[in-house]
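K.L.:
Pasting a structure here, questions to come.
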Amino acid sequence: MNVNPWAAPKAREIRRVLVSLDERIAQACDIAEDSGDPNMVTLHHTELNKLRAHVFLHGQRAGTYGIFYEYPHPVPGILESEENIPLPKVLESLALHFDA
């Protein structure tokens, strides 16, 4: 990962996701340029910049997250987003998305 998660100007819950990424996931993705929104972070694959995942808190139940996935090419029938998911599921989904 290209950024110290503790220093990221993000909400505590978003920093929690970043520090919880295991070594495989952290090596497979980087944090994209900051959007200025403390309640969202965009991660992109280290080699495929268009393979992204946006983790956000907006509109989610307390203690849960939403993820919006971006792919380099449109893939019919592939999940584009998940909402109200707990941290362990977020980490599992990010590992699958980035194939870590």
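If you're wondering about the labels, chains in the structure tokens are A, B, ... by order shown, residues count from 1 in each chain, ligands from 1 in order shown.
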How would you write, as number ranges by chain, the set of residues in stretch 55-92 of chain A that DSSP gives as strand (DSSP E or B)?
P.N.:
A: 55-56, 65-70, 81-85
K.L.:
Those residues you just picked out, can you put them in a file as a short mmCIF file (atom, residue, chain, number, x, y, z; two decimals), in the first residue's frame with N, CA and C atoms?
P.N.:
data_model
loop_
_atom_site.label_atom_id
_atom_site.label_comp_id
_atom_site.auth_asym_id
_atom_site.auth_seq_id
_atom_site.Cartn_x
_atom_site.Cartn_y
_atom_site.Cartn_z
N VAL A 55 -14.81 2.07 -1.02
CA VAL A 55 -15.38 1.66 0.27
C VAL A 55 -15.94 2.92 0.90
N PHE A 56 -17.21 2.85 1.32
CA PHE A 56 -17.86 4.06 1.84
C PHE A 56 -18.76 3.78 3.03
N TYR A 65 -20.34 -1.26 6.06
CA TYR A 65 -19.73 -0.51 4.96
C TYR A 65 -20.44 -0.84 3.66
N GLY A 66 -20.22 0.01 2.69
CA GLY A 66 -20.66 -0.25 1.32
C GLY A 66 -19.42 -0.31 0.44
N ILE A 67 -19.50 -1.08 -0.64
CA ILE A 67 -18.42 -1.16 -1.61
C ILE A 67 -19.02 -1.04 -3.00
N PHE A 68 -18.43 -0.17 -3.82
CA PHE A 68 -18.77 -0.07 -5.23
C PHE A 68 -17.55 -0.53 -6.02
N TYR A 69 -17.74 -1.49 -6.92
CA TYR A 69 -16.63 -2.08 -7.67
C TYR A 69 -16.56 -1.48 -9.07
N GLU A 70 -15.34 -1.25 -9.55
CA GLU A 70 -15.11 -0.83 -10.94
C GLU A 70 -14.18 -1.85 -11.59
N SER A 81 -21.94 -3.70 -6.60
CA SER A 81 -21.89 -3.05 -5.29
C SER A 81 -22.47 -3.97 -4.23
N GLU A 82 -22.06 -3.68 -3.00
CA GLU A 82 -22.60 -4.37 -1.83
C GLU A 82 -22.84 -3.30 -0.78
N GLU A 83 -23.85 -3.47 0.03
CA GLU A 83 -24.14 -2.49 1.07
C GLU A 83 -24.40 -3.16 2.39
N ASN A 84 -24.15 -2.39 3.45
CA ASN A 84 -24.39 -2.83 4.82
C ASN A 84 -23.69 -4.14 5.14
N ILE A 85 -22.41 -4.21 4.80
CA ILE A 85 -21.66 -5.43 5.07
C ILE A 85 -20.65 -5.18 6.20
#
K.L.:
Just list the residues in stretch 5-82 of chain A DSSP gives alpha helix (DSSP H) on the backbone, as a ChimeraX atom specification.
P.N.:
/A:12-20,23-28
K.L.:
Those same residues - N, CA, C and O atoms - I'd like them written as a short mmCIF file (atom, residue, chain, number, x, y, z; two decimals), in the first residue's frame.
P.N.:
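Wrote it out as again_36.cif, contents follow:
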data_model
loop_
_atom_site.label_atom_id
_atom_site.label_comp_id
_atom_site.auth_asym_id
_atom_site.auth_seq_id
_atom_site.Cartn_x
_atom_site.Cartn_y
_atom_site.Cartn_z
N ARG A 12 -12.56 7.38 11.15
CA ARG A 12 -11.98 6.27 11.92
C ARG A 12 -12.38 4.92 11.35
O ARG A 12 -11.57 4.00 11.26
N GLU A 13 -13.65 4.77 10.94
CA GLU A 13 -14.12 3.49 10.41
C GLU A 13 -13.44 3.14 9.09
O GLU A 13 -13.17 1.97 8.81
N ILE A 14 -13.14 4.14 8.27
CA ILE A 14 -12.44 3.90 7.00
C ILE A 14 -10.99 3.52 7.29
O ILE A 14 -10.44 2.58 6.69
N ARG A 15 -10.35 4.23 8.22
CA ARG A 15 -8.97 3.86 8.59
C ARG A 15 -8.93 2.44 9.15
O ARG A 15 -7.98 1.71 8.92
N ARG A 16 -9.99 2.03 9.83
CA ARG A 16 -10.06 0.67 10.37
C ARG A 16 -10.00 -0.37 9.24
O ARG A 16 -9.34 -1.39 9.36
N VAL A 17 -10.69 -0.10 8.14
CA VAL A 17 -10.63 -0.99 6.98
C VAL A 17 -9.19 -1.06 6.48
O VAL A 17 -8.65 -2.14 6.24
N LEU A 18 -8.56 0.11 6.32
CA LEU A 18 -7.22 0.16 5.75
C LEU A 18 -6.20 -0.58 6.61
O LEU A 18 -5.36 -1.30 6.08
N VAL A 19 -6.27 -0.42 7.93
CA VAL A 19 -5.30 -1.11 8.78
C VAL A 19 -5.62 -2.59 8.93
O VAL A 19 -4.75 -3.37 9.33
N SER A 20 -6.84 -2.98 8.58
CA SER A 20 -7.23 -4.39 8.69
C SER A 20 -6.88 -5.21 7.45
O SER A 20 -6.98 -6.44 7.47
N GLU A 23 -1.69 -8.62 4.48
CA GLU A 23 -0.53 -8.32 3.64
C GLU A 23 -0.80 -8.56 2.16
O GLU A 23 -0.39 -7.79 1.31
N ARG A 24 -1.52 -9.64 1.84
CA ARG A 24 -1.81 -9.96 0.44
C ARG A 24 -2.62 -8.84 -0.22
O ARG A 24 -2.32 -8.41 -1.32
N ILE A 25 -3.68 -8.41 0.46
CA ILE A 25 -4.53 -7.36 -0.11
C ILE A 25 -3.76 -6.05 -0.20
O ILE A 25 -3.81 -5.35 -1.20
N ALA A 26 -3.03 -5.71 0.86
CA ALA A 26 -2.29 -4.45 0.89
C ALA A 26 -1.24 -4.39 -0.22
O ALA A 26 -0.95 -3.31 -0.74
N GLN A 27 -0.67 -5.52 -0.60
CA GLN A 27 0.31 -5.53 -1.69
C GLN A 27 -0.36 -5.47 -3.06
O GLN A 27 0.26 -5.04 -4.03
N ALA A 28 -1.63 -5.86 -3.15
CA ALA A 28 -2.34 -5.90 -4.42
C ALA A 28 -2.99 -4.57 -4.78
O ALA A 28 -3.37 -4.36 -5.93
#
K.L.:
May I have the residues within 10 Å of A:Glu92 as an mmCIF file with N, CA and C atoms, in the first residue's frame, using only C-alpha atoms and disregarding those fewer than 5 positions away in the same chain?
P.N.:
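The resulting result.cif:
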data_model
loop_
_atom_site.group_PDB
_atom_site.id
_atom_site.type_symbol
_atom_site.label_atom_id
_atom_site.label_comp_id
_atom_site.auth_asym_id
_atom_site.auth_seq_id
_atom_site.Cartn_x
_atom_site.Cartn_y
_atom_site.Cartn_z
ATOM 1 N N LEU A 21 -6.484 -4.540 6.367
ATOM 2 C CA LEU A 21 -6.121 -5.269 5.151
ATOM 3 C C LEU A 21 -4.925 -6.158 5.446
ATOM 4 N N ILE A 25 -3.677 -8.409 0.462
ATOM 5 C CA ILE A 25 -4.531 -7.361 -0.106
ATOM 6 C C ILE A 25 -3.758 -6.052 -0.197
ATOM 7 N N LEU A 87 -17.138 -5.631 8.533
ATOM 8 C CA LEU A 87 -15.719 -5.557 8.186
ATOM 9 C C LEU A 87 -15.146 -6.876 7.658
ATOM 10 N N HIS A 97 -11.929 -9.224 -5.145
ATOM 11 C CA HIS A 97 -11.927 -8.222 -6.211
ATOM 12 C C HIS A 97 -10.529 -7.986 -6.758
ATOM 13 N N ALA A 100 -6.313 -11.135 -4.433
ATOM 14 C CA ALA A 100 -5.130 -11.182 -3.561
ATOM 15 C C ALA A 100 -5.030 -12.520 -2.863
#
K.L.:
Could you pull the residues within 8 Å of A:Thr42, counting only C-alpha atoms, minus those fewer than 5 positions along the same chain, as a ChimeraX atom specification?
P.N.:
/A:31-34,52-55
K.L.:
Would you save the residues from that selection as a compact mmCIF listing (two decimals), in the first residue's frame, using N, CA, C and O atoms?
P.N.:
# COMPACT_ATOMS: atom_id res chain seq x y z
N ILE A 31 -4.04 3.14 -2.45
CA ILE A 31 -5.09 4.13 -2.25
C ILE A 31 -5.00 5.14 -3.38
O ILE A 31 -3.94 5.68 -3.66
N ALA A 32 -6.14 5.39 -4.04
CA ALA A 32 -6.18 6.36 -5.13
C ALA A 32 -6.09 7.77 -4.56
O ALA A 32 -6.27 7.98 -3.35
N GLU A 33 -5.83 8.73 -5.43
CA GLU A 33 -5.75 10.12 -5.01
C GLU A 33 -6.99 10.48 -4.21
O GLU A 33 -8.11 10.11 -4.57
N ASP A 34 -6.80 11.19 -3.13
CA ASP A 34 -7.87 11.49 -2.18
C ASP A 34 -8.95 12.37 -2.80
O ASP A 34 -8.66 13.39 -3.41
N ARG A 52 -10.91 -1.01 -9.56
CA ARG A 52 -11.03 -0.21 -8.34
C ARG A 52 -12.16 -0.71 -7.45
O ARG A 52 -13.05 -1.40 -7.90
N ALA A 53 -12.06 -0.28 -6.19
CA ALA A 53 -13.13 -0.52 -5.23
C ALA A 53 -13.26 0.73 -4.38
O ALA A 53 -12.26 1.25 -3.87
N HIS A 54 -14.48 1.22 -4.25
CA HIS A 54 -14.76 2.39 -3.43
C HIS A 54 -15.45 1.89 -2.16
O HIS A 54 -16.54 1.32 -2.24
N VAL A 55 -14.81 2.07 -1.02
CA VAL A 55 -15.38 1.66 0.27
C VAL A 55 -15.94 2.92 0.90
O VAL A 55 -15.25 3.93 1.02
K.L.:
So the first atom is atom CA of A:Ala11 and the second is atom CA of A:Asp37; what is the distance between them in Å, to one decimal place?
P.N.:
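Going from atom CA of A:Ala11 over to atom CA of A:Asp37 covers 8.9 Å.
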K.L.:
Tell me which protein, DNA and RNA residues are within 10 Å of A:Asn49, counting only C-alpha atoms, leaving out same-chain ones fewer than 5 positions away, and put them as a VMD selection string.
P.N.:
chain A and resid 29 to 30 32 43 to 44 70 to 72
